[in-house]
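Text of the file my_file-v5.txt, holding compact mmCIF, C-alpha atoms and all ligand atoms:
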```
# COMPACT_ATOMS: atom_id res chain seq x y z
CA MET A 33 0.22 15.70 -24.40
CA LEU A 34 3.22 15.06 -22.13
CA VAL A 35 4.47 11.78 -20.64
CA ASP A 36 6.24 11.76 -17.27
CA THR A 37 8.34 8.62 -17.74
CA HIS A 38 9.52 8.47 -14.12
CA ALA A 39 7.64 9.59 -11.00
CA HIS A 40 7.17 8.05 -7.57
CA LEU A 41 3.79 9.67 -6.91
CA TYR A 42 2.77 6.89 -4.50
CA VAL A 43 5.31 7.85 -1.78
CA ALA A 44 4.44 9.46 1.57
CA GLU A 45 5.57 12.94 0.42
CA PHE A 46 2.29 13.23 -1.53
CA GLU A 47 -0.01 11.93 1.20
CA SER A 48 -1.58 15.29 2.00
CA ASP A 49 -2.40 16.49 -1.52
CA ARG A 50 -2.02 13.60 -3.94
CA LEU A 51 -5.29 14.17 -5.82
CA LEU A 52 -4.71 17.91 -6.20
CA MET A 53 -1.15 17.24 -7.34
CA ILE A 54 -2.44 14.85 -10.02
CA GLU A 55 -5.00 17.44 -11.14
CA ARG A 56 -2.19 19.99 -11.50
CA ALA A 57 -0.28 17.53 -13.69
CA ARG A 58 -3.32 16.93 -15.90
CA ALA A 59 -3.88 20.69 -16.16
CA VAL A 60 -0.50 21.15 -17.90
CA GLY A 61 -1.13 18.24 -20.30
CA VAL A 62 0.51 15.28 -18.54
CA GLU A 63 -1.58 12.34 -19.75
CA LYS A 64 0.64 9.37 -18.85
CA ILE A 65 2.85 8.87 -15.79
CA VAL A 66 5.13 5.86 -15.34
CA LEU A 67 5.48 4.80 -11.70
CA PRO A 68 8.71 2.83 -11.18
CA ASN A 69 8.78 0.58 -8.14
CA ILE A 70 11.39 0.94 -5.38
CA ASP A 71 11.24 -2.12 -3.13
CA ARG A 72 8.96 -4.79 -1.67
CA GLU A 73 7.34 -2.27 0.68
CA SER A 74 6.46 0.26 -2.03
CA THR A 75 4.63 -2.12 -4.37
CA ALA A 76 1.26 -1.98 -2.58
CA SER A 77 0.95 1.82 -2.58
CA MET A 78 2.10 1.94 -6.22
CA MET A 79 -0.58 -0.58 -7.23
CA GLU A 80 -3.19 1.32 -5.25
CA LEU A 81 -2.44 4.53 -7.19
CA HIS A 82 -2.59 2.60 -10.47
CA ALA A 83 -6.00 1.18 -9.47
CA GLN A 84 -7.22 4.72 -8.75
CA PHE A 85 -5.94 6.12 -12.07
CA PRO A 86 -5.66 3.08 -14.36
CA SER A 87 -5.02 4.94 -17.60
CA LEU A 88 -2.93 7.80 -16.17
CA CYS A 89 -0.61 6.07 -13.65
CA LEU A 90 1.18 3.06 -15.10
CA PRO A 91 3.37 0.91 -12.86
CA ALA A 92 6.73 -0.75 -13.49
CA ILE A 93 8.00 -3.62 -11.35
CA GLY A 94 11.52 -4.01 -10.03
CA LEU A 95 13.99 -3.49 -7.20
CA HIS A 96 15.95 -0.24 -6.81
CA PRO A 97 19.75 -0.71 -6.50
CA CYS A 98 19.76 1.08 -3.13
CA SER A 99 17.23 -1.48 -1.88
CA VAL A 100 19.28 -4.55 -2.84
CA GLU A 101 20.03 -6.06 0.56
CA ALA A 102 22.18 -9.08 1.30
CA GLY A 103 20.09 -11.98 2.52
CA ARG A 104 16.78 -10.81 1.08
CA TRP A 105 17.20 -9.49 -2.45
CA GLU A 106 16.65 -12.87 -4.10
CA GLN A 107 13.39 -13.36 -2.22
CA ASP A 108 12.33 -9.76 -3.04
CA LEU A 109 12.94 -10.42 -6.73
CA ALA A 110 11.10 -13.75 -6.61
CA GLU A 111 8.01 -12.03 -5.15
CA MET A 112 8.15 -9.31 -7.79
CA LYS A 113 8.59 -11.73 -10.65
CA ALA A 114 5.54 -13.64 -9.44
CA LEU A 115 3.49 -10.50 -10.22
CA LEU A 116 4.40 -10.75 -13.92
CA VAL A 117 1.46 -13.04 -14.66
CA ALA A 118 -0.94 -12.89 -17.59
CA ASP A 119 -2.74 -9.53 -17.85
CA HIS A 120 -0.25 -7.82 -15.53
CA PRO A 121 -0.39 -4.01 -15.67
CA PHE A 122 3.35 -3.32 -15.80
CA VAL A 123 4.79 -1.14 -18.55
CA GLY A 124 8.44 -1.66 -17.62
CA ILE A 125 10.99 -3.38 -15.38
CA GLY A 126 12.50 -1.22 -12.68
CA GLU A 127 13.70 0.78 -11.42
CA THR A 128 16.92 -1.16 -11.30
CA GLY A 129 20.52 -0.18 -12.05
CA LEU A 130 23.68 0.55 -10.07
CA ASP A 131 24.36 3.10 -7.34
CA LEU A 132 27.91 3.58 -6.08
CA TYR A 133 27.11 6.83 -4.27
CA TRP A 134 25.20 5.41 -1.30
CA ASP A 135 26.84 2.02 -0.86
CA GLN A 136 29.77 0.52 -2.75
CA SER A 137 29.88 -2.61 -0.61
CA THR A 138 26.78 -4.06 -2.30
CA LEU A 139 28.04 -3.68 -5.88
CA ASP A 140 28.23 -7.45 -6.45
CA ILE A 141 24.62 -8.07 -5.46
CA GLN A 142 23.46 -4.88 -7.23
CA ILE A 143 24.93 -6.32 -10.43
CA ALA A 144 23.33 -9.72 -9.81
CA ALA A 145 19.92 -8.11 -9.21
CA LEU A 146 20.32 -5.95 -12.33
CA GLU A 147 21.21 -8.98 -14.47
CA ALA A 148 18.14 -10.85 -13.17
CA GLN A 149 15.90 -7.92 -14.07
CA CYS A 150 17.47 -7.62 -17.53
CA ALA A 151 16.42 -11.25 -18.08
CA TRP A 152 12.82 -10.34 -17.17
CA ALA A 153 12.87 -7.37 -19.52
CA LEU A 154 13.77 -9.65 -22.42
CA GLU A 155 11.43 -12.44 -21.35
CA PHE A 156 8.41 -10.15 -20.96
CA ASP A 157 9.30 -7.70 -23.76
CA LEU A 158 9.35 -4.72 -21.40
CA PRO A 159 11.81 -1.82 -21.26
CA ILE A 160 14.31 -1.73 -18.43
CA ILE A 161 14.35 1.46 -16.32
CA LEU A 162 17.90 2.14 -15.17
CA HIS A 163 19.04 4.23 -12.23
CA THR A 164 22.74 5.01 -12.15
CA ARG A 165 24.57 7.18 -9.67
CA GLU A 166 28.34 7.42 -10.02
CA ALA A 167 28.03 4.15 -11.92
CA THR A 168 27.04 5.00 -15.49
CA ARG A 169 30.16 3.28 -16.89
CA GLN A 170 29.57 0.08 -14.91
CA CYS A 171 25.88 0.04 -15.79
CA ILE A 172 26.55 0.40 -19.52
CA ASP A 173 28.97 -2.53 -19.29
CA VAL A 174 26.36 -4.77 -17.64
CA VAL A 175 23.51 -3.76 -19.92
CA LYS A 176 25.28 -3.74 -23.29
CA PRO A 177 25.19 -7.52 -23.91
CA TRP A 178 21.47 -7.52 -23.11
CA ALA A 179 20.88 -4.63 -25.48
CA ALA A 180 22.64 -6.65 -28.17
CA LYS A 181 20.08 -9.42 -27.55
CA GLY A 182 17.23 -6.98 -28.16
CA MET A 183 16.49 -5.54 -24.72
CA ARG A 184 15.30 -1.93 -24.84
CA GLY A 185 15.32 0.59 -22.02
CA VAL A 186 16.09 3.99 -20.58
CA PHE A 187 18.85 5.50 -18.48
CA HIS A 188 16.57 7.49 -16.22
CA CYS A 189 17.89 10.89 -15.13
CA PHE A 190 20.93 10.43 -17.34
CA SER A 191 23.99 11.75 -15.51
CA GLY A 192 26.95 10.48 -17.50
CA THR A 193 29.38 12.15 -19.88
CA VAL A 194 28.73 13.12 -23.50
CA GLU A 195 30.78 10.09 -24.58
CA GLU A 196 28.68 7.78 -22.40
CA ALA A 197 25.51 9.39 -23.77
CA LYS A 198 26.65 8.62 -27.31
CA GLU A 199 27.41 5.04 -26.30
CA VAL A 200 23.95 4.69 -24.75
CA ALA A 201 22.40 6.10 -27.93
CA GLU A 202 24.38 3.64 -30.07
CA MET A 203 22.84 0.84 -28.00
CA GLY A 204 19.44 2.24 -29.00
CA PHE A 205 18.72 3.13 -25.39
CA PHE A 206 16.74 6.21 -24.37
CA LEU A 207 17.93 9.00 -22.07
CA GLY A 208 15.60 10.33 -19.40
CA ILE A 209 15.83 14.13 -19.11
CA GLY A 210 14.60 15.69 -15.85
CA GLY A 211 14.92 18.77 -13.69
CA VAL A 212 18.72 18.71 -13.83
CA VAL A 213 18.48 20.16 -17.36
CA THR A 214 17.35 23.44 -15.72
CA PHE A 215 20.34 23.59 -13.33
CA LYS A 216 23.10 26.10 -14.11
CA LYS A 217 26.03 23.68 -13.85
CA SER A 218 24.44 20.78 -15.75
CA ASN A 219 26.14 19.26 -18.80
CA LEU A 220 22.72 18.26 -20.17
CA PRO A 221 22.10 21.39 -22.31
CA GLU A 222 25.21 20.52 -24.37
CA LEU A 223 24.73 16.76 -24.13
CA VAL A 224 21.18 16.70 -25.52
CA LYS A 225 22.39 18.34 -28.73
CA GLN A 226 24.80 15.49 -29.36
CA VAL A 227 22.42 12.53 -29.20
CA PRO A 228 19.43 11.86 -31.48
CA THR A 229 16.35 13.76 -30.27
CA GLU A 230 14.42 10.55 -31.02
CA LEU A 231 16.04 8.98 -27.94
CA LEU A 232 15.08 11.66 -25.39
CA VAL A 233 12.19 11.19 -22.97
CA LEU A 234 10.94 13.54 -20.26
CA GLU A 235 10.70 12.70 -16.59
CA THR A 236 10.38 14.42 -13.23
CA ASP A 237 11.67 11.71 -10.83
CA SER A 238 9.14 13.18 -8.38
CA PRO A 239 9.42 13.85 -5.46
CA TYR A 240 13.16 14.36 -6.16
CA LEU A 241 15.17 16.70 -8.41
CA ALA A 242 12.66 19.52 -8.86
CA PRO A 243 13.50 21.90 -11.72
CA VAL A 244 14.30 25.58 -11.29
CA PRO A 245 12.58 27.61 -9.77
CA TYR A 246 11.53 24.80 -7.38
CA ARG A 247 15.03 23.34 -6.97
CA GLY A 248 15.43 21.78 -3.52
CA LYS A 249 11.67 21.56 -2.97
CA ARG A 250 9.32 18.64 -3.52
CA ASN A 251 9.02 17.78 -7.20
CA GLU A 252 5.70 16.88 -8.84
CA SER A 253 4.56 15.81 -12.31
CA ALA A 254 3.11 19.26 -13.16
CA TYR A 255 6.67 20.58 -13.28
CA LEU A 256 7.27 18.38 -16.33
CA SER A 257 6.12 21.33 -18.44
CA LEU A 258 9.08 23.39 -17.13
CA ILE A 259 11.48 20.59 -18.03
CA ALA A 260 9.91 20.28 -21.49
CA GLU A 261 10.17 24.02 -22.04
CA THR A 262 13.85 24.14 -21.04
CA LEU A 263 14.74 21.11 -23.16
CA GLY A 264 12.91 22.74 -26.07
CA GLU A 265 14.90 25.96 -25.66
CA HIS A 266 18.18 24.04 -25.84
CA LEU A 267 17.05 22.11 -28.93
CA LEU A 268 15.46 25.18 -30.54
CA MET A 269 12.04 23.56 -30.49
CA GLY A 270 8.76 25.10 -29.36
CA PRO A 271 6.59 23.58 -26.61
CA LYS A 272 4.30 21.75 -29.05
CA ALA A 273 7.15 20.20 -31.03
CA ILE A 274 9.05 19.06 -27.95
CA ALA A 275 5.86 17.56 -26.45
CA ALA A 276 5.10 15.71 -29.69
CA VAL A 277 8.58 14.23 -30.15
CA THR A 278 9.13 13.19 -26.51
CA THR A 279 5.65 11.65 -26.31
CA ALA A 280 6.26 9.64 -29.49
CA ASN A 281 9.62 8.55 -28.02
CA ALA A 282 8.01 7.46 -24.74
CA GLN A 283 5.43 5.45 -26.68
CA ARG A 284 8.16 3.64 -28.62
CA LEU A 285 10.04 2.91 -25.40
CA PHE A 286 7.00 1.85 -23.35
CA LYS A 287 4.94 0.03 -25.92
CA ARG A 288 2.06 -0.36 -23.48
CA LEU A 289 1.42 3.34 -22.68
NI NI B 301 13.29 6.75 -9.33
```
Written form, structure tokens:
Amino acid sequence: MLVDTHAHLYVAEFESDRLLMIERARAVGVEKIVLPNIDRESTASMMELHAQFPSLCLPAIGLHPCSVEAGRWEQDLAEMKALLVADHPFVGIGETGLDLYWDQSTLDIQIAALEAQCAWALEFDLPIILHTREATRQCIDVVKPWAAKGMRGVFHCFSGTVEEAKEVAEMGFFLGIGGVVTFKKSNLPELVKQVPTELLVLETDSPYLAPVPYRGKRNESAYLSLIAETLGEHLLMGPKAIAAVTTANAQRLFKRL
């Protein structure tokens, strides 16, 4: 069994073959897929996919840092928080985080939106799903006090330094390992040896960041097996062992899987 801890399978890129794509994922042993939300517009299609595959496709609720817009982010968050009622289906909060690659001018409101979502994660006992791009340092600084209060979570598609990875591990946070681990220039093959294996979870980030040999093409959850295999090679673990440990990790992170 494999768990894809981060995949946006509800987006338009999968419109033409979504069911076949999900069958391909199941065929390689993917039994749980976490669907992080992006923005107010994406929630409906995410919930629709969850309704279609209630035990396979598990949603998270939150606002992506690139979707934090002045003048509307507070309302967006209020609408999302209203969904966290009794018997809600969400397994996590996110994706949230900080992105200084696309827009540095919104950093203040990105931080405010991240802090608000950290409060939900603690209040509802859900893991926070963090996106960071050129902002790992800043994100660690925001999240650390929350981690000290007991918040758990994952740096999805971890892209920081070895030192930052160790700091994240010391906080008890998980590191999401995706297709980048198969790229030639990646620091992940070295990095994953220097953090506890018990803190590594697998993800595709579909439709983005497809692993070799599909690099540059549309990513899908079936490719998780390639990511697992490559991670296993670097950690000197066979496919069964790497599947078992990363699945157990994902279940500790997302208690509701
Ligand atoms: Ni994402």
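With atom CA of Gln142 of chain A on one side and atom CA of Val66 of chain A on the other, the separation reads 22.7 Å.
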Can you tell me, as number ranges by chain, what residues are no more than 12 Å from Leu154 of chain A when counting only C-alpha atoms, ignoring any on the same chain fewer than 6 positions away?
-> A: 124-125, 147-148, 160, 175, 177-185
Dump the neighbourhood of ligand NI 301 (chain B) as a list in words: all residues within 9 Å, distances computed on only C-alpha atoms and all ligand atoms.
-> His38, Ala39, His40, Leu67, Pro68, Asn69, Ile70, His96, Gly126, Glu127, Thr128, Ile161, Leu162, His163, His188, Cys189, Asp237, Ser238, Pro239 and Tyr240 of chain A
Output file for the selection above: C-alpha atoms, as a compact mmCIF listing (two decimals), in the frame of the given file:
```
# COMPACT_ATOMS: atom_id res chain seq x y z
CA HIS A 38 9.52 8.47 -14.12
CA ALA A 39 7.64 9.59 -11.00
CA HIS A 40 7.17 8.05 -7.57
CA LEU A 67 5.48 4.80 -11.70
CA PRO A 68 8.71 2.83 -11.18
CA ASN A 69 8.78 0.58 -8.14
CA ILE A 70 11.39 0.94 -5.38
CA HIS A 96 15.95 -0.24 -6.81
CA GLY A 126 12.50 -1.22 -12.68
CA GLU A 127 13.70 0.78 -11.42
CA THR A 128 16.92 -1.16 -11.30
CA ILE A 161 14.35 1.46 -16.32
CA LEU A 162 17.90 2.14 -15.17
CA HIS A 163 19.04 4.23 -12.23
CA HIS A 188 16.57 7.49 -16.22
CA CYS A 189 17.89 10.89 -15.13
CA ASP A 237 11.67 11.71 -10.83
CA SER A 238 9.14 13.18 -8.38
CA PRO A 239 9.42 13.85 -5.46
CA TYR A 240 13.16 14.36 -6.16
```
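Residue nearest Asp135 of chain A, chosen from A:His266, A:Lys176, A:Arg165, A:Lys198 and counting only C-alpha atoms: A:Arg165.
Of the listed residues (A:Leu51, A:Leu115, A:Val227, A:Leu109), A:Leu51 comes nearest to Gln84 of chain A; the distances count only C-alpha atoms.
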Determine, counting all atoms listed in the file, which protein, DNA and RNA residues have an atom within 12 Å of an atom of Leu207 of chain A; residues of the same chain fewer than 3 positions away are not included. Present the result as a ChimeraX atom specification.
-> /A:37-38,160-164,168,184-192,194,196-204,210,220,223-224,226-235,278,281-282,285
What is the distance, in Å and to one decimal place, between atom CA of Arg169 of chain A and atom CA of Pro97 of chain A?
-> 15.2 Å
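Excluding Glu252 of chain A itself and any same-chain residue fewer than 2 positions from it, the protein and nucleic acid residues within 8 Å of it, counting all atoms listed in the file, are A:Ala39, A:Leu41, A:Met53, A:Ala57, A:Thr236, A:Ser238, A:Pro239, A:Ala242, A:Arg250, A:Ala254, A:Tyr255, A:Leu256.
One finds atom CA of Lys113 of chain A at 10.8 Å from atom CA of Ala151 of chain A.
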Each side padded by 4 Å, which centre and which edge lengths in Å (one decimal) define the axis-aligned box around the listed atoms of segment 260-274 of chain A? Give them as lines of an AutoDock Vina configuration file.
```
center_x = 11.2
center_y = 22.5
center_z = -26.0
size_x = 21.9
size_y = 14.9
size_z = 18.0
```
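Checking A:Leu158, A:Val60, A:Cys89, A:Ala44 one by one against Glu261 of chain A, counting all atoms listed in the file, you find the shortest gap at A:Val60.
Closest approach to Ser257 of chain A among A:Ala110, A:Leu116, A:Ala275, A:Val174 is made by A:Ala275 (distances from only C-alpha atoms).
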